[in-house]
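Participant: Below you'll find structure-v6.csv; it's CSV, C-alpha atoms.
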```csv
chain,number,residue,atom,x,y,z
A,1,MET,CA,-65.6,57.8,65.4
A,2,THR,CA,-67.1,55.5,62.8
A,3,TYR,CA,-65.1,53.8,60.1
A,4,GLN,CA,-66.6,56.0,57.5
A,5,GLU,CA,-65.7,59.1,59.5
A,6,ALA,CA,-62.2,57.8,59.9
A,7,LEU,CA,-61.9,57.4,56.1
A,8,GLU,CA,-63.1,61.0,55.7
A,9,THR,CA,-60.3,62.2,58.0
A,10,LEU,CA,-57.7,60.0,56.3
A,11,GLU,CA,-58.7,61.2,52.9
A,12,LYS,CA,-57.5,64.7,54.0
A,13,CYS,CA,-54.3,63.4,55.5
A,14,ARG,CA,-53.1,61.1,52.7
A,15,TYR,CA,-51.4,63.8,50.6
A,16,CYS,CA,-50.8,66.4,53.3
A,17,LEU,CA,-47.3,66.9,54.8
A,18,MET,CA,-48.2,69.5,57.4
A,19,CYS,CA,-47.1,67.4,60.3
A,20,ARG,CA,-44.4,65.5,58.5
A,21,HIS,CA,-41.5,67.4,60.2
A,22,ALA,CA,-42.7,66.3,63.7
A,23,ASP,CA,-43.5,62.7,63.0
A,24,PRO,CA,-41.7,60.4,65.4
A,25,LEU,CA,-41.9,57.1,63.4
A,26,SER,CA,-40.3,58.4,60.3
A,27,HIS,CA,-37.5,60.0,62.3
A,28,VAL,CA,-36.5,56.7,63.7
A,29,SER,CA,-37.3,54.4,60.8
A,30,PHE,CA,-36.5,56.6,57.8
A,31,ASN,CA,-39.6,54.9,56.2
A,32,GLU,CA,-42.0,57.3,54.5
A,33,ALA,CA,-44.8,54.7,54.7
A,34,LEU,CA,-44.8,55.2,58.5
A,35,THR,CA,-45.5,59.0,58.3
A,36,PRO,CA,-49.1,60.1,58.9
A,37,HIS,CA,-49.6,60.7,55.2
A,38,GLY,CA,-48.1,57.3,54.4
A,39,ILE,CA,-50.3,55.5,56.8
A,40,ALA,CA,-53.4,57.4,55.6
A,41,LEU,CA,-52.4,56.6,52.0
A,42,THR,CA,-52.1,52.9,52.8
A,43,ILE,CA,-55.5,52.8,54.4
A,44,TYR,CA,-57.2,54.8,51.7
A,45,SER,CA,-55.6,52.8,48.9
A,46,GLU,CA,-57.0,49.6,50.3
A,47,HIS,CA,-60.4,51.3,50.6
A,48,LYS,CA,-60.2,52.2,46.9
A,49,GLY,CA,-59.1,48.7,45.9
A,50,LEU,CA,-55.6,49.7,45.0
A,51,LEU,CA,-53.9,47.3,47.4
A,52,SER,CA,-54.9,44.3,49.5
A,53,TRP,CA,-54.1,43.8,53.2
A,54,ASN,CA,-51.1,41.8,54.0
A,55,GLU,CA,-48.8,41.4,57.0
A,56,ASP,CA,-46.6,44.4,56.0
A,57,SER,CA,-49.5,46.8,55.3
A,58,LEU,CA,-51.3,45.8,58.5
A,59,ARG,CA,-48.1,46.3,60.5
A,60,THR,CA,-47.8,49.8,59.0
A,61,VAL,CA,-51.3,50.7,60.2
A,62,PHE,CA,-51.0,49.1,63.7
A,63,SER,CA,-47.6,50.8,64.2
A,64,GLU,CA,-49.3,54.2,64.6
A,65,THR,CA,-48.5,55.4,68.2
A,66,ASP,CA,-51.8,57.1,69.2
A,67,ALA,CA,-49.9,60.0,70.9
A,68,GLY,CA,-51.6,62.9,69.1
A,69,VAL,CA,-48.5,64.1,67.5
A,70,ALA,CA,-50.0,64.7,64.0
A,71,ARG,CA,-53.1,66.5,65.3
A,72,SER,CA,-51.0,68.8,67.5
A,73,HIS,CA,-49.2,70.0,64.4
A,74,CYS,CA,-52.2,70.2,62.2
A,75,ALA,CA,-53.7,73.6,61.4
A,76,THR,CA,-57.1,72.1,60.6
A,77,ASP,CA,-57.1,69.9,63.7
A,78,GLN,CA,-57.5,66.5,61.9
A,79,PRO,CA,-58.0,63.7,64.4
A,80,PHE,CA,-55.4,61.5,62.7
A,81,SER,CA,-54.6,59.1,65.6
A,82,GLU,CA,-58.2,58.7,66.5
A,83,ALA,CA,-59.1,57.9,62.9
A,84,VAL,CA,-56.3,55.2,62.7
A,85,SER,CA,-57.6,53.7,65.9
A,86,ALA,CA,-61.0,53.4,64.4
A,87,VAL,CA,-59.5,51.7,61.4
A,88,LYS,CA,-57.7,49.3,63.6
A,89,SER,CA,-61.0,48.4,65.3
A,90,GLU,CA,-62.6,47.7,61.9
A,91,LEU,CA,-59.7,45.6,60.8
A,92,LEU,CA,-59.9,43.5,64.0
A,93,SER,CA,-63.6,43.0,63.5
A,94,GLN,CA,-62.7,41.4,60.1
A,95,GLY,CA,-59.9,39.3,61.7
A,96,LYS,CA,-57.2,41.3,60.0
A,97,MET,CA,-54.2,42.1,62.3
A,98,PRO,CA,-50.5,41.6,62.5
A,99,GLU,CA,-49.4,38.4,64.2
A,100,THR,CA,-48.1,40.3,67.2
A,101,VAL,CA,-51.5,41.8,67.8
A,102,ALA,CA,-53.3,38.5,67.2
A,103,ARG,CA,-51.4,37.0,70.1
A,104,LEU,CA,-53.0,39.5,72.5
A,105,LYS,CA,-56.6,38.7,71.6
A,106,GLU,CA,-56.9,35.6,73.8
A,107,ARG,CA,-55.3,37.3,76.8
A,108,LEU,CA,-57.6,40.3,76.5
A,109,GLU,CA,-60.6,38.0,76.7
A,110,GLN,CA,-59.4,36.3,79.9
A,111,THR,CA,-57.7,39.0,82.0
A,112,PRO,CA,-58.4,42.7,82.7
A,113,SER,CA,-54.7,43.7,82.1
A,114,PHE,CA,-52.0,43.2,79.5
A,115,PHE,CA,-49.4,43.1,82.3
A,116,GLY,CA,-50.7,41.0,85.2
A,117,ASP,CA,-53.6,39.0,86.5
A,118,ALA,CA,-53.6,39.6,90.3
A,119,GLU,CA,-56.9,40.6,91.7
A,120,PHE,CA,-57.1,43.7,93.9
A,121,LYS,CA,-60.6,44.1,95.5
A,122,SER,CA,-61.8,47.7,96.1
A,123,ALA,CA,-63.4,48.5,99.4
A,124,LEU,CA,-65.7,50.9,97.7
A,125,GLU,CA,-66.4,53.0,100.8
A,126,GLN,CA,-67.8,56.4,100.2
A,127,ASN,CA,-65.2,59.1,99.9
A,128,ASP,CA,-64.9,62.5,98.4
A,129,TYR,CA,-61.7,61.4,96.7
A,130,ALA,CA,-60.9,58.3,94.6
A,131,LEU,CA,-57.4,57.1,93.6
A,132,PHE,CA,-56.7,55.0,90.5
A,133,ILE,CA,-53.5,53.0,90.6
A,134,SER,CA,-53.3,51.5,87.1
A,135,ASP,CA,-52.0,48.1,85.9
A,136,GLU,CA,-49.1,49.8,84.4
A,137,MET,CA,-47.9,51.2,87.7
A,138,GLN,CA,-48.8,48.0,89.6
A,139,TYR,CA,-46.9,45.7,87.3
A,140,LEU,CA,-44.4,47.7,85.2
A,141,TRP,CA,-43.1,50.2,87.9
A,142,PRO,CA,-44.4,49.1,91.3
A,143,GLU,CA,-41.7,51.2,93.0
A,144,SER,CA,-44.0,54.2,92.5
A,145,VAL,CA,-46.9,52.7,94.5
A,146,ASN,CA,-45.4,53.3,98.0
A,147,ALA,CA,-44.1,56.7,96.9
A,148,VAL,CA,-47.6,57.7,95.7
A,149,ASN,CA,-49.1,56.7,99.0
A,150,THR,CA,-46.6,58.8,100.8
A,151,LEU,CA,-47.3,61.8,98.7
A,152,ILE,CA,-51.1,61.3,99.1
A,153,LYS,CA,-50.6,61.2,102.9
A,154,ALA,CA,-48.6,64.4,102.7
A,155,LEU,CA,-51.5,66.1,101.0
A,156,THR,CA,-53.6,65.0,104.0
A,157,LEU,CA,-55.9,62.9,101.8
A,158,SER,CA,-57.1,59.4,102.2
A,159,PRO,CA,-58.8,58.5,99.0
A,160,ALA,CA,-60.7,55.3,98.2
A,161,GLU,CA,-58.7,53.1,95.8
A,162,ILE,CA,-60.6,51.9,92.7
A,163,THR,CA,-59.8,49.4,90.0
A,164,ARG,CA,-56.2,49.0,91.3
A,165,GLY,CA,-54.1,46.9,88.9
A,166,LYS,CA,-56.5,47.4,86.0
A,167,SER,CA,-56.5,49.5,82.9
A,168,SER,CA,-58.4,52.7,82.1
A,169,GLY,CA,-58.9,51.2,78.7
A,170,PHE,CA,-56.6,53.4,76.6
A,171,LEU,CA,-54.1,50.8,75.5
A,172,ALA,CA,-56.8,48.4,74.4
A,173,LEU,CA,-58.5,51.2,72.4
A,174,SER,CA,-55.2,52.3,70.9
A,175,LEU,CA,-54.7,48.7,69.6
A,176,GLY,CA,-58.3,48.6,68.2
A,177,PHE,CA,-59.9,46.4,70.9
A,178,MET,CA,-62.9,48.7,71.2
A,179,GLU,CA,-65.2,46.4,73.3
A,180,GLN,CA,-62.4,45.5,75.7
A,181,ALA,CA,-61.7,49.2,76.2
A,182,LYS,CA,-65.3,49.9,76.9
A,183,LYS,CA,-65.4,47.1,79.4
A,184,GLN,CA,-62.4,48.4,81.2
A,185,ALA,CA,-63.8,52.0,81.2
A,186,LYS,CA,-67.1,50.9,82.5
A,187,GLN,CA,-65.5,49.0,85.4
A,188,LEU,CA,-63.6,52.1,86.4
A,189,MET,CA,-66.7,54.3,86.2
A,190,THR,CA,-68.8,51.8,88.1
A,191,GLU,CA,-66.4,51.7,91.0
A,192,LEU,CA,-66.1,55.5,90.9
A,193,GLU,CA,-69.9,55.8,91.1
A,194,ALA,CA,-70.0,53.3,94.0
A,195,VAL,CA,-67.7,55.5,96.2
A,196,LYS,CA,-69.6,58.6,95.2
A,197,ALA,CA,-66.3,60.5,94.9
A,198,LYS,CA,-66.2,64.2,93.8
A,199,GLU,CA,-62.7,64.0,92.5
A,200,LEU,CA,-60.7,61.3,90.9
A,201,ILE,CA,-56.9,61.4,91.3
A,202,VAL,CA,-54.9,59.7,88.5
A,203,LEU,CA,-51.2,59.1,88.3
A,204,SER,CA,-50.4,59.3,84.6
A,205,GLN,CA,-51.1,61.7,81.7
A,206,THR,CA,-52.5,58.8,79.8
A,207,ASP,CA,-55.2,58.2,82.4
A,208,LEU,CA,-55.9,61.9,82.7
A,209,TYR,CA,-56.4,62.2,78.9
A,210,THR,CA,-58.5,59.0,78.9
A,211,CYS,CA,-60.9,60.0,81.6
A,212,ARG,CA,-61.3,63.6,80.4
A,213,HIS,CA,-61.6,62.9,76.7
A,214,VAL,CA,-61.4,59.3,75.5
A,215,TYR,CA,-64.5,58.0,77.2
A,216,ALA,CA,-66.8,60.5,75.7
A,217,GLU,CA,-65.1,61.3,72.4
A,218,ARG,CA,-63.8,57.9,71.4
A,219,LEU,CA,-65.8,55.3,73.3
A,220,GLY,CA,-69.2,57.0,73.4
A,221,LEU,CA,-69.4,56.7,77.2
A,222,SER,CA,-70.5,59.4,79.6
A,223,PHE,CA,-68.0,60.0,82.3
A,224,PRO,CA,-69.7,61.5,85.4
A,225,GLU,CA,-69.9,65.3,84.9
A,226,GLU,CA,-69.9,65.9,88.6
A,227,VAL,CA,-66.5,64.2,89.1
A,228,LYS,CA,-63.4,66.3,88.6
A,229,VAL,CA,-60.4,64.4,87.3
A,230,THR,CA,-57.0,65.6,88.6
A,231,SER,CA,-53.4,64.4,88.2
A,232,LEU,CA,-51.4,63.9,91.4
A,233,LEU,CA,-48.7,66.1,90.0
A,234,ALA,CA,-51.1,69.0,89.6
A,235,LEU,CA,-52.3,68.6,93.2
A,236,LEU,CA,-48.7,68.5,94.4
A,237,THR,CA,-47.7,71.5,92.4
A,238,GLN,CA,-50.7,73.5,93.8
A,239,ALA,CA,-49.9,72.5,97.3
A,240,TYR,CA,-46.3,73.4,96.9
A,241,LYS,CA,-47.1,76.8,95.4
A,242,ASN,CA,-49.6,77.5,98.2
A,243,GLY,CA,-47.0,76.7,100.9
A,244,LYS,CA,-48.8,73.6,102.1
A,245,LEU,CA,-46.1,71.3,101.0
A,246,SER,CA,-42.3,71.6,100.9
A,247,PHE,CA,-39.4,69.7,99.5
A,248,LYS,CA,-35.8,69.3,100.7
A,249,PRO,CA,-33.2,70.2,98.1
A,250,SER,CA,-31.1,67.3,96.8
A,251,ALA,CA,-27.3,67.3,97.0
A,252,ASP,CA,-27.2,65.7,93.6
A,253,THR,CA,-25.7,68.3,91.2
A,254,ARG,CA,-25.6,66.1,88.1
A,255,PRO,CA,-27.3,67.5,85.0
A,256,TYR,CA,-30.7,65.9,84.5
A,257,ALA,CA,-33.6,65.9,82.1
A,258,TYR,CA,-37.3,65.4,82.4
A,259,ILE,CA,-38.8,63.2,79.7
A,260,ASP,CA,-42.3,64.2,78.8
A,261,PRO,CA,-44.6,61.2,78.9
A,262,SER,CA,-46.0,59.8,75.7
A,263,GLN,CA,-49.4,61.5,76.1
A,264,ALA,CA,-47.9,64.9,77.0
A,265,LEU,CA,-49.1,66.6,73.8
A,266,ARG,CA,-52.7,65.8,74.6
A,267,VAL,CA,-52.6,66.9,78.2
A,268,LYS,CA,-50.2,69.8,77.8
A,269,ASP,CA,-49.3,70.1,81.5
A,270,PHE,CA,-45.6,70.7,80.8
A,271,ASP,CA,-44.9,72.9,83.8
A,272,SER,CA,-46.0,70.8,86.9
A,273,PRO,CA,-43.3,68.2,86.7
A,274,ARG,CA,-40.6,70.7,85.9
A,275,HIS,CA,-41.7,73.0,88.7
A,276,LEU,CA,-41.6,70.1,91.2
A,277,LEU,CA,-38.2,69.0,89.9
A,278,GLY,CA,-36.9,72.5,90.2
A,279,ALA,CA,-37.8,72.6,93.9
A,280,ILE,CA,-35.5,69.6,94.6
A,281,LEU,CA,-32.9,69.9,91.9
A,282,PRO,CA,-32.4,73.6,91.2
A,283,GLY,CA,-30.2,74.9,88.4
A,284,ASN,CA,-29.0,71.8,86.7
A,285,GLN,CA,-31.9,70.9,84.4
A,286,VAL,CA,-31.3,70.4,80.7
A,287,GLU,CA,-34.1,70.1,78.1
A,288,LEU,CA,-34.4,67.5,75.4
A,289,PHE,CA,-34.8,68.7,71.8
A,290,TRP,CA,-38.0,66.7,71.4
A,291,ARG,CA,-39.9,68.1,74.4
A,292,LYS,CA,-43.1,69.9,75.4
A,293,GLU,CA,-45.0,70.9,72.3
A,294,ARG,CA,-42.8,68.7,70.1
A,295,THR,CA,-42.7,65.7,72.4
A,296,HIS,CA,-42.1,62.4,70.8
A,297,PRO,CA,-43.5,59.3,72.5
A,298,THR,CA,-41.4,56.4,73.8
A,299,GLY,CA,-42.3,53.0,72.5
A,300,SER,CA,-44.3,52.2,75.6
A,301,GLY,CA,-47.8,52.2,74.1
A,302,SER,CA,-49.6,50.2,71.5
A,303,THR,CA,-46.5,50.2,69.3
A,304,TRP,CA,-44.7,48.0,71.8
A,305,PHE,CA,-47.2,45.3,71.1
A,306,SER,CA,-47.7,45.8,67.4
A,307,ASN,CA,-44.1,46.5,66.3
A,308,PRO,CA,-41.6,45.9,69.1
A,309,GLU,CA,-38.6,46.7,66.9
A,310,LEU,CA,-40.0,50.1,66.0
A,311,ALA,CA,-40.9,50.7,69.7
A,312,GLU,CA,-37.3,50.1,70.7
A,313,LYS,CA,-36.1,52.7,68.2
A,314,LEU,CA,-38.6,55.2,69.6
A,315,THR,CA,-37.3,54.6,73.1
A,316,ARG,CA,-33.7,54.7,72.1
A,317,ALA,CA,-34.3,58.0,70.3
A,318,ARG,CA,-35.5,59.6,73.5
A,319,LEU,CA,-32.5,58.4,75.4
A,320,GLU,CA,-30.1,59.5,72.7
A,321,ASP,CA,-31.7,62.9,72.8
A,322,ALA,CA,-31.1,63.1,76.6
A,323,GLN,CA,-27.5,62.0,76.2
A,324,LYS,CA,-26.8,64.6,73.5
A,325,GLN,CA,-28.2,67.4,75.7
A,326,GLY,CA,-25.7,66.4,78.4
A,327,ALA,CA,-28.0,64.8,80.9
A,328,GLU,CA,-26.7,62.2,83.3
A,329,VAL,CA,-30.0,61.4,85.0
A,330,ILE,CA,-33.5,61.3,83.5
A,331,TYR,CA,-36.8,61.5,85.3
A,332,CYS,CA,-40.4,60.6,84.3
A,333,GLU,CA,-43.5,59.7,86.3
A,334,ASP,CA,-45.3,57.5,83.7
A,335,SER,CA,-44.9,53.9,84.7
A,336,ALA,CA,-45.1,52.5,81.1
A,337,ASP,CA,-42.5,55.0,79.9
A,338,LEU,CA,-40.3,54.3,82.8
A,339,SER,CA,-40.4,50.6,82.1
A,340,GLN,CA,-39.6,51.1,78.5
A,341,LEU,CA,-36.8,53.6,79.1
A,342,ASN,CA,-35.3,51.3,81.7
A,343,ARG,CA,-34.6,48.6,79.1
A,344,TYR,CA,-32.0,50.7,77.4
A,345,ALA,CA,-31.0,53.7,79.7
A,346,ALA,CA,-27.7,52.1,80.7
A,347,ASP,CA,-26.6,51.8,77.1
A,348,TYR,CA,-26.5,55.6,77.0
A,349,GLY,CA,-24.8,56.1,80.4
A,350,LEU,CA,-28.0,57.4,81.9
A,351,GLU,CA,-29.5,56.8,85.3
A,352,LEU,CA,-33.3,56.6,85.3
A,353,LYS,CA,-35.4,57.6,88.3
A,354,GLY,CA,-39.1,57.8,88.9
A,355,LEU,CA,-40.4,61.2,89.7
A,356,TYR,CA,-42.8,60.1,92.4
A,357,GLU,CA,-40.0,58.4,94.2
A,358,LEU,CA,-37.8,61.5,94.1
A,359,LEU,CA,-40.7,63.6,95.4
A,360,ALA,CA,-41.5,61.2,98.2
A,361,ASP,CA,-37.9,60.9,99.3
A,362,HIS,CA,-37.5,64.7,99.5
A,363,LEU,CA,-40.6,65.8,101.3
A,364,GLY,CA,-39.9,68.6,103.8
```
Spell out the structure here as structure tokens.
Facilitator:
Amino acid sequence: MTYQEALETLEKCRYCLMCRHADPLSHVSFNEALTPHGIALTIYSEHKGLLSWNEDSLRTVFSETDAGVARSHCATDQPFSEAVSAVKSELLSQGKMPETVARLKERLEQTPSFFGDAEFKSALEQNDYALFISDEMQYLWPESVNAVNTLIKALTLSPAEITRGKSSGFLALSLGFMEQAKKQAKQLMTELEAVKAKELIVLSQTDLYTCRHVYAERLGLSFPEEVKVTSLLALLTQAYKNGKLSFKPSADTRPYAYIDPSQALRVKDFDSPRHLLGAILPGNQVELFWRKERTHPTGSGSTWFSNPELAEKLTRARLEDAQKQGAEVIYCEDSADLSQLNRYAADYGLELKGLYELLADHLG
């Protein structure tokens, strides 16, 4: 999306309240400027010369979560988050950004990850399957790595690991760092091509959305058409339903809730994780109010870097929702979300567990 195309989208959004009821930022901030129409109005007002960029207005724009919430509640399918991301990129090209984002620029130029700088070399041996273990899992929730390997083995697969400990590019794109996002995406696709895999297994809904849609639609890159992109949870669910995989029931009878990851609205696989949880923890699941089609993101994405205080409020809102519904344990598979939820879960009397770890521990 070009900057001009973004402005055309935002012109439609600036006085529209269609998605207002579902907006996560205004729910936690009580600030109308942070609603989709408020952000759109801020951007368009600057375009028309009605205001000038300053730290507050830039922070408003860069606070947008890029979780697809507005678009999922829009009858005319306006790509609001995508448009704001394009505006962020334009602002960065002009050297205009909040101080919190400016601090990331040097790091992005020197390292392939926001979260760590260890180098993991890929063997790049030919294989029908490739596995992508992202930097978020490697650095933010490494407990999941061994669990994922156990689950992969249970599926009788031995995929080639590619770009371990690196990013698919979504977080950089969401912040407006377009060229860095393209660089990360190209590295993933280069290694994928080298192993000649027919199927790429990803471990988060963010990476699933990125490979399936972002590369072509937002970065102008051609993801290999011959490669199928599949989430590990979908593979596990299919194997479980086909009787090729079994799980032992847990003795834990505490009420629990599954927290849909921040990109759940874009992927819309709400059933796989719940189906697998039900195989191990039958009968004691509660649902959050902000779930499935009305999922709110945690503060784990770009908002954590652009507006940490707001990100904390988003995360606490998810935990408060779980507490109100009577949950004592919460589960999620997304490493970035787990890391963010883990900061504050104890404040709400909640125990946080990784879904991959639970599944690996209860393999039949």
Participant: For segment 216-225 of chain A, please output as a list in words all residues within 9 Å (counting all atoms listed in the file; exclusion window: fewer than 4 positions along the same chain).
Facilitator: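 Everything that qualifies: Met1, Glu82, Ala86, Leu173, Met178, Glu179, Ala181, Lys182, Ala185, Lys186, Met189, Leu192, Glu193, Cys211 and Arg212 of chain A.
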Participant: For atom CA of Asp117 of chain A and atom CA of Leu171 of chain A, quote the distance in Å rounded to one decimal.
Facilitator: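 Straight-line distance from atom CA of Asp117 of chain A to atom CA of Leu171 of chain A works out to 16.1 Å.
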Participant: Could you check the closest approach to Ser300 of chain A for each of A:Asn31, A:Ser272, A:Ser174, A:Thr190 and tell me which residue wins, using only C-alpha atoms?
Facilitator: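 Smallest separation from Ser300 of chain A among the options: A:Ser174.
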Participant: Counting only C-alpha atoms, select every polymer residue within 10 Å of (-49.8, 48.0, 89.2) as defined in the file's coordinates, and provide the selection as an NGL selection string.
Facilitator: :A and (113 or 115-116 or 118 or 120 or 132-145 or 164-167 or 335)
Participant: May I have the residues at most 10 Å from (-52.5, 66.3, 79.3) in the file's coordinates, counting only C-alpha atoms, as JSON, numbers by chain?
Facilitator: {"A": [204, 205, 206, 207, 208, 209, 210, 212, 231, 261, 262, 263, 264, 265, 266, 267, 268, 269, 270]}
Participant: Would you kindly return, as an mmCIF file with C-alpha atoms, in the coordinates of the input, each protein, DNA or RNA residue with an atom no farther than 6 Å from any atom of Ser306 of chain A, considering all atoms listed in the file and excluding same-chain residues fewer than 3 positions away?
Facilitator:
```
data_model
loop_
_atom_site.group_PDB
_atom_site.id
_atom_site.type_symbol
_atom_site.label_atom_id
_atom_site.label_comp_id
_atom_site.auth_asym_id
_atom_site.auth_seq_id
_atom_site.Cartn_x
_atom_site.Cartn_y
_atom_site.Cartn_z
ATOM 1 C CA PHE A 62 -51.000 49.100 63.700
ATOM 2 C CA SER A 63 -47.600 50.800 64.200
ATOM 3 C CA THR A 100 -48.100 40.300 67.200
ATOM 4 C CA VAL A 101 -51.500 41.800 67.800
ATOM 5 C CA THR A 303 -46.500 50.200 69.300
#
```
Participant: Pick the closest to Phe80 of chain A from A:Ala123, A:Leu175, A:Cys19, A:Ala102: which is it, counting all atoms listed in the file?
Facilitator: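 Closest residue, counting all atoms listed in the file: A:Cys19.
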Participant: In Å, with one decimal, what is the gap from atom CA of Gln187 of chain A to atom CA of Thr163 of chain A?
Facilitator: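 Between atom CA of Gln187 of chain A and atom CA of Thr163 of chain A the gap works out to 7.3 Å.
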Participant: Atom CA of Gly349 of chain A and atom CA of Ala327 of chain A are how many Å apart?
Facilitator: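 Atom CA of Ala327 of chain A lies 9.3 Å from atom CA of Gly349 of chain A.
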Participant: Tell me which protein, DNA and RNA residues are within 7 Å of segment 319-323 of chain A, counting only C-alpha atoms, leaving out same-chain ones fewer than 3 positions away, and put them as a PyMOL selection string.
Facilitator: chain A and resi 257+288-289+315-316+326-327+345+348
Participant: Within 8 Å of Ser81 of chain A, counting all atoms listed in the file, which residues qualify if same-chain residues fewer than 5 places away don't, as a list of chain:residue names?
Facilitator: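 Near Ser81 of chain A, the qualifying residues are A:Glu64, A:Thr65, A:Asp66, A:Ala67, A:Gly68, A:Ala70, A:Arg71.
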Participant: Looking at only C-alpha atoms, which of A:Ala311, A:Leu358, A:Val227, A:Leu17 is the one that sits closest to Val329 of chain A?
Facilitator: A:Leu358
Participant: I'd like to know which of A:Phe177, A:Tyr44, A:Tyr3, A:Phe247 is closest to Asp361 of chain A, using all atoms listed in the file.
Facilitator: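 Under the stated criterion, the closest residue is A:Phe247.
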Participant: Pick the closest to His27 of chain A from A:Ala336, A:Leu359, A:Ala317, A:Ala40: which is it, counting all atoms listed in the file?
Facilitator: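 The closest residue to His27 of chain A is A:Ala317.
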Participant: Taking all atoms listed in the file into account, which of A:Leu363, A:Ala33, A:Ile259, A:Leu350 comes nearest Val286 of chain A?
Facilitator: A:Ile259
Participant: When you get a chance, write out N, CA and C atoms for segment 127-145 of chain A, as a JSON list (two decimals), keeping the file's coordinate frame.
Facilitator:
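Saved the output as selection36.json:
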```json
[["chain", "number", "residue", "atom", "x", "y", "z"],
["A", 127, "ASN", "N", -66.31, 58.18, 99.70],
["A", 127, "ASN", "CA", -65.20, 59.10, 99.90],
["A", 127, "ASN", "C", -65.28, 60.21, 98.93],
["A", 128, "ASP", "N", -64.87, 61.40, 99.34],
["A", 128, "ASP", "CA", -64.90, 62.50, 98.40],
["A", 128, "ASP", "C", -63.81, 62.38, 97.33],
["A", 129, "TYR", "N", -62.78, 61.58, 97.63],
["A", 129, "TYR", "CA", -61.70, 61.40, 96.70],
["A", 129, "TYR", "C", -61.54, 59.90, 96.33],
["A", 130, "ALA", "N", -61.22, 59.64, 95.07],
["A", 130, "ALA", "CA", -60.90, 58.30, 94.60],
["A", 130, "ALA", "C", -59.51, 58.32, 93.99],
["A", 131, "LEU", "N", -58.78, 57.22, 94.12],
["A", 131, "LEU", "CA", -57.40, 57.10, 93.60],
["A", 131, "LEU", "C", -57.36, 55.91, 92.65],
["A", 132, "PHE", "N", -56.82, 56.12, 91.45],
["A", 132, "PHE", "CA", -56.70, 55.00, 90.50],
["A", 132, "PHE", "C", -55.22, 54.70, 90.29],
["A", 133, "ILE", "N", -54.82, 53.51, 90.77],
["A", 133, "ILE", "CA", -53.50, 53.00, 90.60],
["A", 133, "ILE", "C", -53.58, 51.95, 89.45],
["A", 134, "SER", "N", -53.09, 52.28, 88.28],
["A", 134, "SER", "CA", -53.30, 51.50, 87.10],
["A", 134, "SER", "C", -52.48, 50.20, 87.08],
["A", 135, "ASP", "N", -52.81, 49.33, 86.13],
["A", 135, "ASP", "CA", -52.00, 48.10, 85.90],
["A", 135, "ASP", "C", -50.60, 48.42, 85.53],
["A", 136, "GLU", "N", -50.41, 49.50, 84.79],
["A", 136, "GLU", "CA", -49.10, 49.80, 84.40],
["A", 136, "GLU", "C", -48.17, 50.17, 85.55],
["A", 137, "MET", "N", -48.70, 50.92, 86.53],
["A", 137, "MET", "CA", -47.90, 51.20, 87.70],
["A", 137, "MET", "C", -47.76, 49.95, 88.57],
["A", 138, "GLN", "N", -48.83, 49.20, 88.75],
["A", 138, "GLN", "CA", -48.80, 48.00, 89.60],
["A", 138, "GLN", "C", -47.81, 46.97, 89.14],
["A", 139, "TYR", "N", -47.74, 46.79, 87.82],
["A", 139, "TYR", "CA", -46.90, 45.70, 87.30],
["A", 139, "TYR", "C", -45.63, 46.13, 86.62],
["A", 140, "LEU", "N", -45.62, 47.30, 85.99],
["A", 140, "LEU", "CA", -44.40, 47.70, 85.20],
["A", 140, "LEU", "C", -43.47, 48.55, 86.08],
["A", 141, "TRP", "N", -43.99, 49.33, 87.03],
["A", 141, "TRP", "CA", -43.10, 50.20, 87.90],
["A", 141, "TRP", "C", -43.69, 50.25, 89.28],
["A", 142, "PRO", "N", -43.73, 49.12, 89.98],
["A", 142, "PRO", "CA", -44.40, 49.10, 91.30],
["A", 142, "PRO", "C", -43.63, 49.93, 92.35],
["A", 143, "GLU", "N", -42.39, 50.33, 92.06],
["A", 143, "GLU", "CA", -41.70, 51.20, 93.00],
["A", 143, "GLU", "C", -42.43, 52.48, 93.29],
["A", 144, "SER", "N", -43.26, 52.89, 92.34],
["A", 144, "SER", "CA", -44.00, 54.20, 92.50],
["A", 144, "SER", "C", -45.16, 54.06, 93.48],
["A", 145, "VAL", "N", -45.66, 52.85, 93.72],
["A", 145, "VAL", "CA", -46.90, 52.70, 94.50],
["A", 145, "VAL", "C", -46.70, 53.27, 95.92]]
```
